[in-house]
Amino acid sequence: MKNFFKIIIIAAFGVMLYPLFDSFSGNGQLNDLASFYAQKENVEKVNSANLVTAVVVTYRGLDTLGEVTILFLTAAIIAFFLTKQSEVRTLRRNSEIFQTAARLLIPVIIMVGVYIFINGHLSPGGGFQGGAVIASAVILMLLAFPNMPFNSKLFGLIESTSGLVFVGIAFLGVLIGTGFLDNAILPLGTFGELLSAGTIPIIYSFVGLKVGAELSNIISGLQSVQADN
Amino acid sequence: MNFLIISILLGILMLVMAGIAIYHKSMVVAIISAGALSLFASILYLLLAAPDVAMTEAAIGSGLSTIIFFYVLNRIRTTDEKKEDGEME
């Protein structure tokens, strides 16, 4: 009887979702909103090679600020609930291969993360992706060398400074430019160069630092409350 | 056509990984297969011309969240064992 109901529910979902599948046809053109962002005047206004970044940081900059705030709240709540244990844990030493590989890979991974967020306006990726890559390097560090001291205060300082700089640049747009998060308070530069597209690379670098520091703090908090087996 | 075949294969692999994640008895295998699911999803995003999303999925979906699941699993396991020991005594 129970299984019968399950099958009926699944069939009902199928009937509900089938029209979506049936009416789907590949779209050869951009839709209205996307073509508004992709038209020539608007691309020249932000001068960024990666249109996704331009949309995320300038047109939808307020949404990015909201996302950053949510991430900050999450990190704060996790740090609030995870209380540090004072006892010193004796851990098994990791294997030599893992430690050597981690020593080799960690700087490279951090460099890739920094590359991703500094070149956010030129190549795919941006602050969030770069920050996540940096945090994965920190995870590797914590897994390979669990007894290494982790300065969570420094990471918290980086995090809050980056957030303040982000909001500060956004407010400079009100004072100098036309409004909150105005992109054009800095010269737009030549299309495709590292220092171009106004404030996008600066804002995205700080977003990257902030996200990386926040995720690293969350991970190290979770690592520090691990109990011995 | 080639593109279509690769995409369908990736989709089937993702479904298999999801099945393993739900039905496997060992929690460790389930967590690893959930991470692998994210990895295949990120390849699929790359094929569908969304490199930004693919990067996020690869770093957060298969990197960070897998490790967080392992940390939480370890934490739950130790508290469970302590509780069982307490009941026995």
# chains A, B, ... in the order shown; residues from 1 in each chain; ligands from 1
$ interface_residues --of "chain A" --to "chain B" --cutoff "10 Å" --atoms "only C-alpha atoms" --output "PyMOL selection string"
chain A and resi 52-53+116+120+123-126+128-137+139-140+143+215-216+218-219+222-229
$ residues_around --residues "segment 33-36 of chain B" --least-positions-apart "5" --cutoff "7 Å" --atoms "only C-alpha atoms" --output "ChimeraX atom specification"
/B:17-18,20-21,61-62,66
$ write_last_selection --atoms "C-alpha atoms" --output "PDB file, in the first residue's frame"
ATOM      1  CA  MET B  17      26.980   8.001  -7.740  1.00  0.00           C
ATOM      2  CA  ALA B  18      23.774   9.406  -6.254  1.00  0.00           C
ATOM      3  CA  ILE B  20      25.567   4.730  -4.142  1.00  0.00           C
ATOM      4  CA  ALA B  21      25.439   7.763  -1.853  1.00  0.00           C
ATOM      5  CA  GLY B  61      31.039  20.590  -3.866  1.00  0.00           C
ATOM      6  CA  SER B  62      33.750  17.980  -4.105  1.00  0.00           C
ATOM      7  CA  THR B  66      33.317  16.311   1.481  1.00  0.00           C
TER       8      THR B  66
END
$ residues_around --residues "Asn94 of chain A" --least-positions-apart "5" --cutoff "10 Å" --atoms "only C-alpha atoms" --output "short mmCIF file (atom, residue, chain, number, x, y, z; two decimals) with N, CA and C atoms, in the first residue's frame"
data_model
loop_
_atom_site.label_atom_id
_atom_site.label_comp_id
_atom_site.auth_asym_id
_atom_site.auth_seq_id
_atom_site.Cartn_x
_atom_site.Cartn_y
_atom_site.Cartn_z
N GLN A 99 52.87 14.23 3.20
CA GLN A 99 53.40 15.51 3.67
C GLN A 99 54.22 16.21 2.60
N LEU A 143 45.03 19.03 6.89
CA LEU A 143 45.03 17.57 6.88
C LEU A 143 46.44 17.03 6.96
N ALA A 144 47.38 17.70 6.28
CA ALA A 144 48.73 17.17 6.23
C ALA A 144 49.48 17.46 7.53
N PHE A 145 49.29 18.66 8.09
CA PHE A 145 50.01 19.04 9.31
C PHE A 145 48.99 19.46 10.37
N PRO A 146 48.31 18.49 11.01
CA PRO A 146 47.21 18.85 11.92
C PRO A 146 47.67 19.58 13.16
#
$ residues_around --residues "segment 174-185 of chain A" --least-positions-apart "6" --cutoff "9 Å" --atoms "only C-alpha atoms" --output "PyMOL selection string"
chain A and resi 45-46+57-59+61-62+167+197-200
$ residues_around --residues "Ala34 of chain A" --least-positions-apart "3" --cutoff "12 Å" --atoms "only C-alpha atoms" --output "number ranges by chain"
A: 29-31, 37-39, 42-43, 51-52, 55, 59
$ write_last_selection --atoms "N, CA and C atoms" --output "PDB file, in the first residue's frame"
ATOM      1  N   GLN A  29      19.187  32.109 -29.589  1.00  0.00           N
ATOM      2  CA  GLN A  29      19.521  33.507 -29.295  1.00  0.00           C
ATOM      3  C   GLN A  29      19.516  33.739 -27.798  1.00  0.00           C
ATOM      4  N   LEU A  30      20.150  34.832 -27.384  1.00  0.00           N
ATOM      5  CA  LEU A  30      20.087  35.224 -25.975  1.00  0.00           C
ATOM      6  C   LEU A  30      18.691  35.745 -25.678  1.00  0.00           C
ATOM      7  N   ASN A  31      18.246  35.554 -24.440  1.00  0.00           N
ATOM      8  CA  ASN A  31      16.939  36.120 -24.111  1.00  0.00           C
ATOM      9  C   ASN A  31      17.078  37.625 -23.842  1.00  0.00           C
ATOM     10  N   TYR A  37      22.472  42.881 -21.365  1.00  0.00           N
ATOM     11  CA  TYR A  37      23.821  42.960 -20.813  1.00  0.00           C
ATOM     12  C   TYR A  37      24.876  42.839 -21.905  1.00  0.00           C
ATOM     13  N   ALA A  38      24.572  42.057 -22.959  1.00  0.00           N
ATOM     14  CA  ALA A  38      25.594  41.759 -23.958  1.00  0.00           C
ATOM     15  C   ALA A  38      25.667  42.803 -25.061  1.00  0.00           C
ATOM     16  N   GLN A  39      24.760  43.800 -25.054  1.00  0.00           N
ATOM     17  CA  GLN A  39      24.830  44.768 -26.160  1.00  0.00           C
ATOM     18  C   GLN A  39      26.071  45.643 -26.012  1.00  0.00           C
ATOM     19  N   ASN A  42      26.694  48.559 -23.409  1.00  0.00           N
ATOM     20  CA  ASN A  42      26.835  48.146 -22.021  1.00  0.00           C
ATOM     21  C   ASN A  42      28.155  47.428 -21.776  1.00  0.00           C
ATOM     22  N   VAL A  43      28.625  46.665 -22.781  1.00  0.00           N
ATOM     23  CA  VAL A  43      29.930  46.019 -22.625  1.00  0.00           C
ATOM     24  C   VAL A  43      31.019  47.072 -22.536  1.00  0.00           C
ATOM     25  N   LEU A  51      31.944  38.685 -19.156  1.00  0.00           N
ATOM     26  CA  LEU A  51      30.670  39.381 -18.965  1.00  0.00           C
ATOM     27  C   LEU A  51      29.971  38.943 -17.687  1.00  0.00           C
ATOM     28  N   VAL A  52      30.175  37.663 -17.307  1.00  0.00           N
ATOM     29  CA  VAL A  52      29.536  37.167 -16.082  1.00  0.00           C
ATOM     30  C   VAL A  52      30.006  37.973 -14.874  1.00  0.00           C
ATOM     31  N   VAL A  55      28.466  41.393 -14.796  1.00  0.00           N
ATOM     32  CA  VAL A  55      27.092  41.388 -14.289  1.00  0.00           C
ATOM     33  C   VAL A  55      27.098  41.203 -12.776  1.00  0.00           C
ATOM     34  N   TYR A  59      26.253  45.244 -12.267  1.00  0.00           N
ATOM     35  CA  TYR A  59      24.790  45.328 -12.365  1.00  0.00           C
ATOM     36  C   TYR A  59      24.117  44.683 -11.158  1.00  0.00           C
TER      37      TYR A  59
END
$ decode --residues "segment 23-170 of chain A" --atoms "C-alpha atoms" --output "PDB file, in the first residue's frame"
ATOM      1  CA  SER A  23       8.180  22.191 -24.639  1.00  0.00           C
ATOM      2  CA  PHE A  24      11.941  22.585 -24.260  1.00  0.00           C
ATOM      3  CA  SER A  25      13.713  23.677 -27.373  1.00  0.00           C
ATOM      4  CA  GLY A  26      17.286  24.854 -27.590  1.00  0.00           C
ATOM      5  CA  ASN A  27      17.572  28.614 -27.662  1.00  0.00           C
ATOM      6  CA  GLY A  28      19.612  29.929 -30.564  1.00  0.00           C
ATOM      7  CA  GLN A  29      19.521  33.507 -29.295  1.00  0.00           C
ATOM      8  CA  LEU A  30      20.087  35.224 -25.975  1.00  0.00           C
ATOM      9  CA  ASN A  31      16.939  36.120 -24.111  1.00  0.00           C
ATOM     10  CA  ASP A  32      15.958  39.742 -23.471  1.00  0.00           C
ATOM     11  CA  LEU A  33      17.840  40.238 -20.198  1.00  0.00           C
ATOM     12  CA  ALA A  34      21.026  38.572 -21.434  1.00  0.00           C
ATOM     13  CA  SER A  35      21.025  40.527 -24.679  1.00  0.00           C
ATOM     14  CA  PHE A  36      20.612  43.752 -22.691  1.00  0.00           C
ATOM     15  CA  TYR A  37      23.821  42.960 -20.813  1.00  0.00           C
ATOM     16  CA  ALA A  38      25.594  41.759 -23.958  1.00  0.00           C
ATOM     17  CA  GLN A  39      24.830  44.768 -26.160  1.00  0.00           C
ATOM     18  CA  LYS A  40      27.808  46.783 -27.285  1.00  0.00           C
ATOM     19  CA  GLU A  41      27.216  50.007 -25.315  1.00  0.00           C
ATOM     20  CA  ASN A  42      26.835  48.146 -22.021  1.00  0.00           C
ATOM     21  CA  VAL A  43      29.930  46.019 -22.625  1.00  0.00           C
ATOM     22  CA  GLU A  44      31.923  49.181 -23.320  1.00  0.00           C
ATOM     23  CA  LYS A  45      30.530  50.771 -20.177  1.00  0.00           C
ATOM     24  CA  VAL A  46      32.152  48.152 -17.945  1.00  0.00           C
ATOM     25  CA  ASN A  47      35.037  47.183 -20.266  1.00  0.00           C
ATOM     26  CA  SER A  48      35.334  43.684 -18.826  1.00  0.00           C
ATOM     27  CA  ALA A  49      36.221  40.659 -20.952  1.00  0.00           C
ATOM     28  CA  ASN A  50      34.274  38.276 -18.702  1.00  0.00           C
ATOM     29  CA  LEU A  51      30.670  39.381 -18.965  1.00  0.00           C
ATOM     30  CA  VAL A  52      29.536  37.167 -16.082  1.00  0.00           C
ATOM     31  CA  THR A  53      31.890  38.984 -13.709  1.00  0.00           C
ATOM     32  CA  ALA A  54      30.697  42.342 -15.030  1.00  0.00           C
ATOM     33  CA  VAL A  55      27.092  41.388 -14.289  1.00  0.00           C
ATOM     34  CA  VAL A  56      27.903  39.937 -10.861  1.00  0.00           C
ATOM     35  CA  VAL A  57      30.019  42.856  -9.639  1.00  0.00           C
ATOM     36  CA  THR A  58      28.388  45.889 -11.262  1.00  0.00           C
ATOM     37  CA  TYR A  59      24.790  45.328 -12.365  1.00  0.00           C
ATOM     38  CA  ARG A  60      24.079  42.821  -9.618  1.00  0.00           C
ATOM     39  CA  GLY A  61      26.653  44.142  -7.154  1.00  0.00           C
ATOM     40  CA  LEU A  62      24.105  44.491  -4.392  1.00  0.00           C
ATOM     41  CA  ASP A  63      23.296  40.775  -4.663  1.00  0.00           C
ATOM     42  CA  THR A  64      27.003  39.992  -4.327  1.00  0.00           C
ATOM     43  CA  LEU A  65      27.111  42.125  -1.194  1.00  0.00           C
ATOM     44  CA  GLY A  66      24.164  40.127   0.129  1.00  0.00           C
ATOM     45  CA  GLU A  67      25.894  36.827  -0.602  1.00  0.00           C
ATOM     46  CA  VAL A  68      29.043  38.019   1.135  1.00  0.00           C
ATOM     47  CA  THR A  69      26.955  39.064   4.146  1.00  0.00           C
ATOM     48  CA  ILE A  70      25.250  35.650   4.297  1.00  0.00           C
ATOM     49  CA  LEU A  71      28.637  33.921   4.179  1.00  0.00           C
ATOM     50  CA  PHE A  72      29.913  36.204   6.938  1.00  0.00           C
ATOM     51  CA  LEU A  73      26.879  35.363   9.098  1.00  0.00           C
ATOM     52  CA  THR A  74      27.387  31.644   8.498  1.00  0.00           C
ATOM     53  CA  ALA A  75      31.040  31.837   9.511  1.00  0.00           C
ATOM     54  CA  ALA A  76      30.157  33.887  12.595  1.00  0.00           C
ATOM     55  CA  ILE A  77      27.449  31.435  13.710  1.00  0.00           C
ATOM     56  CA  ILE A  78      29.736  28.421  13.215  1.00  0.00           C
ATOM     57  CA  ALA A  79      32.517  30.131  15.173  1.00  0.00           C
ATOM     58  CA  PHE A  80      30.006  30.941  17.910  1.00  0.00           C
ATOM     59  CA  PHE A  81      28.856  27.346  18.342  1.00  0.00           C
ATOM     60  CA  LEU A  82      32.202  25.591  18.040  1.00  0.00           C
ATOM     61  CA  THR A  83      34.037  26.118  21.278  1.00  0.00           C
ATOM     62  CA  LYS A  84      37.726  25.331  21.230  1.00  0.00           C
ATOM     63  CA  GLN A  85      39.009  22.392  23.223  1.00  0.00           C
ATOM     64  CA  SER A  86      41.921  23.146  25.457  1.00  0.00           C
ATOM     65  CA  GLU A  87      43.345  19.621  25.582  1.00  0.00           C
ATOM     66  CA  VAL A  88      46.282  18.938  23.310  1.00  0.00           C
ATOM     67  CA  ARG A  89      45.581  16.077  20.958  1.00  0.00           C
ATOM     68  CA  THR A  90      48.255  13.584  20.086  1.00  0.00           C
ATOM     69  CA  LEU A  91      47.853  12.703  16.469  1.00  0.00           C
ATOM     70  CA  ARG A  92      49.386  10.030  14.334  1.00  0.00           C
ATOM     71  CA  ARG A  93      52.016  11.462  12.002  1.00  0.00           C
ATOM     72  CA  ASN A  94      50.954  11.508   8.384  1.00  0.00           C
ATOM     73  CA  SER A  95      52.890   9.530   5.836  1.00  0.00           C
ATOM     74  CA  GLU A  96      55.997  11.088   4.320  1.00  0.00           C
ATOM     75  CA  ILE A  97      54.544  10.947   0.802  1.00  0.00           C
ATOM     76  CA  PHE A  98      51.428  12.866   1.785  1.00  0.00           C
ATOM     77  CA  GLN A  99      53.403  15.509   3.671  1.00  0.00           C
ATOM     78  CA  THR A 100      55.879  16.046   0.846  1.00  0.00           C
ATOM     79  CA  ALA A 101      53.124  16.211  -1.756  1.00  0.00           C
ATOM     80  CA  ALA A 102      51.209  18.693   0.391  1.00  0.00           C
ATOM     81  CA  ARG A 103      54.325  20.867   0.786  1.00  0.00           C
ATOM     82  CA  LEU A 104      54.716  20.888  -2.978  1.00  0.00           C
ATOM     83  CA  LEU A 105      51.055  21.476  -3.819  1.00  0.00           C
ATOM     84  CA  ILE A 106      49.893  24.028  -1.233  1.00  0.00           C
ATOM     85  CA  PRO A 107      51.755  27.065  -2.680  1.00  0.00           C
ATOM     86  CA  VAL A 108      50.685  26.128  -6.212  1.00  0.00           C
ATOM     87  CA  ILE A 109      47.023  25.811  -5.204  1.00  0.00           C
ATOM     88  CA  ILE A 110      47.101  29.154  -3.377  1.00  0.00           C
ATOM     89  CA  MET A 111      48.681  30.761  -6.430  1.00  0.00           C
ATOM     90  CA  VAL A 112      45.961  29.324  -8.700  1.00  0.00           C
ATOM     91  CA  GLY A 113      43.326  30.732  -6.354  1.00  0.00           C
ATOM     92  CA  VAL A 114      44.932  34.182  -6.398  1.00  0.00           C
ATOM     93  CA  TYR A 115      45.206  34.007 -10.197  1.00  0.00           C
ATOM     94  CA  ILE A 116      41.521  33.132 -10.462  1.00  0.00           C
ATOM     95  CA  PHE A 117      40.319  36.109  -8.447  1.00  0.00           C
ATOM     96  CA  ILE A 118      42.794  38.676  -9.772  1.00  0.00           C
ATOM     97  CA  ASN A 119      41.934  37.733 -13.365  1.00  0.00           C
ATOM     98  CA  GLY A 120      38.221  37.542 -12.565  1.00  0.00           C
ATOM     99  CA  HIS A 121      37.352  40.214 -15.116  1.00  0.00           C
ATOM    100  CA  LEU A 122      39.396  38.582 -17.883  1.00  0.00           C
ATOM    101  CA  SER A 123      39.025  34.813 -17.515  1.00  0.00           C
ATOM    102  CA  PRO A 124      36.343  32.563 -16.010  1.00  0.00           C
ATOM    103  CA  GLY A 125      36.078  32.626 -12.246  1.00  0.00           C
ATOM    104  CA  GLY A 126      36.169  35.375  -9.686  1.00  0.00           C
ATOM    105  CA  GLY A 127      36.177  36.115  -6.013  1.00  0.00           C
ATOM    106  CA  PHE A 128      34.057  33.229  -4.800  1.00  0.00           C
ATOM    107  CA  GLN A 129      35.815  30.609  -6.920  1.00  0.00           C
ATOM    108  CA  GLY A 130      39.283  31.893  -6.054  1.00  0.00           C
ATOM    109  CA  GLY A 131      38.409  32.038  -2.375  1.00  0.00           C
ATOM    110  CA  ALA A 132      37.126  28.457  -2.443  1.00  0.00           C
ATOM    111  CA  VAL A 133      40.336  27.278  -4.123  1.00  0.00           C
ATOM    112  CA  ILE A 134      42.434  29.039  -1.453  1.00  0.00           C
ATOM    113  CA  ALA A 135      40.301  27.426   1.254  1.00  0.00           C
ATOM    114  CA  SER A 136      40.920  24.004  -0.295  1.00  0.00           C
ATOM    115  CA  ALA A 137      44.660  24.684  -0.003  1.00  0.00           C
ATOM    116  CA  VAL A 138      44.120  25.488   3.688  1.00  0.00           C
ATOM    117  CA  ILE A 139      42.213  22.188   4.085  1.00  0.00           C
ATOM    118  CA  LEU A 140      45.140  20.308   2.573  1.00  0.00           C
ATOM    119  CA  MET A 141      47.461  22.107   5.007  1.00  0.00           C
ATOM    120  CA  LEU A 142      45.272  21.203   8.006  1.00  0.00           C
ATOM    121  CA  LEU A 143      45.030  17.573   6.883  1.00  0.00           C
ATOM    122  CA  ALA A 144      48.734  17.172   6.230  1.00  0.00           C
ATOM    123  CA  PHE A 145      50.011  19.038   9.314  1.00  0.00           C
ATOM    124  CA  PRO A 146      47.212  18.853  11.922  1.00  0.00           C
ATOM    125  CA  ASN A 147      49.397  20.106  14.755  1.00  0.00           C
ATOM    126  CA  MET A 148      50.375  23.308  13.000  1.00  0.00           C
ATOM    127  CA  PRO A 149      49.067  26.364  14.873  1.00  0.00           C
ATOM    128  CA  PHE A 150      46.308  28.128  12.965  1.00  0.00           C
ATOM    129  CA  ASN A 151      46.038  31.857  13.592  1.00  0.00           C
ATOM    130  CA  SER A 152      42.284  32.294  13.319  1.00  0.00           C
ATOM    131  CA  LYS A 153      42.511  35.864  14.627  1.00  0.00           C
ATOM    132  CA  LEU A 154      44.610  36.903  11.631  1.00  0.00           C
ATOM    133  CA  PHE A 155      42.143  35.243   9.283  1.00  0.00           C
ATOM    134  CA  GLY A 156      39.283  37.037  11.021  1.00  0.00           C
ATOM    135  CA  LEU A 157      41.139  40.318  10.644  1.00  0.00           C
ATOM    136  CA  ILE A 158      41.690  39.723   6.899  1.00  0.00           C
ATOM    137  CA  GLU A 159      38.028  38.818   6.547  1.00  0.00           C
ATOM    138  CA  SER A 160      36.622  41.893   8.262  1.00  0.00           C
ATOM    139  CA  THR A 161      39.093  44.285   6.601  1.00  0.00           C
ATOM    140  CA  SER A 162      38.218  42.923   3.149  1.00  0.00           C
ATOM    141  CA  GLY A 163      34.512  43.256   3.854  1.00  0.00           C
ATOM    142  CA  LEU A 164      34.986  46.857   5.026  1.00  0.00           C
ATOM    143  CA  VAL A 165      37.058  47.724   1.941  1.00  0.00           C
ATOM    144  CA  PHE A 166      34.367  46.226  -0.309  1.00  0.00           C
ATOM    145  CA  VAL A 167      31.652  48.353   1.290  1.00  0.00           C
ATOM    146  CA  GLY A 168      34.003  51.371   1.327  1.00  0.00           C
ATOM    147  CA  ILE A 169      34.655  51.130  -2.429  1.00  0.00           C
ATOM    148  CA  ALA A 170      30.933  50.763  -2.964  1.00  0.00           C
TER     149      ALA A 170
END
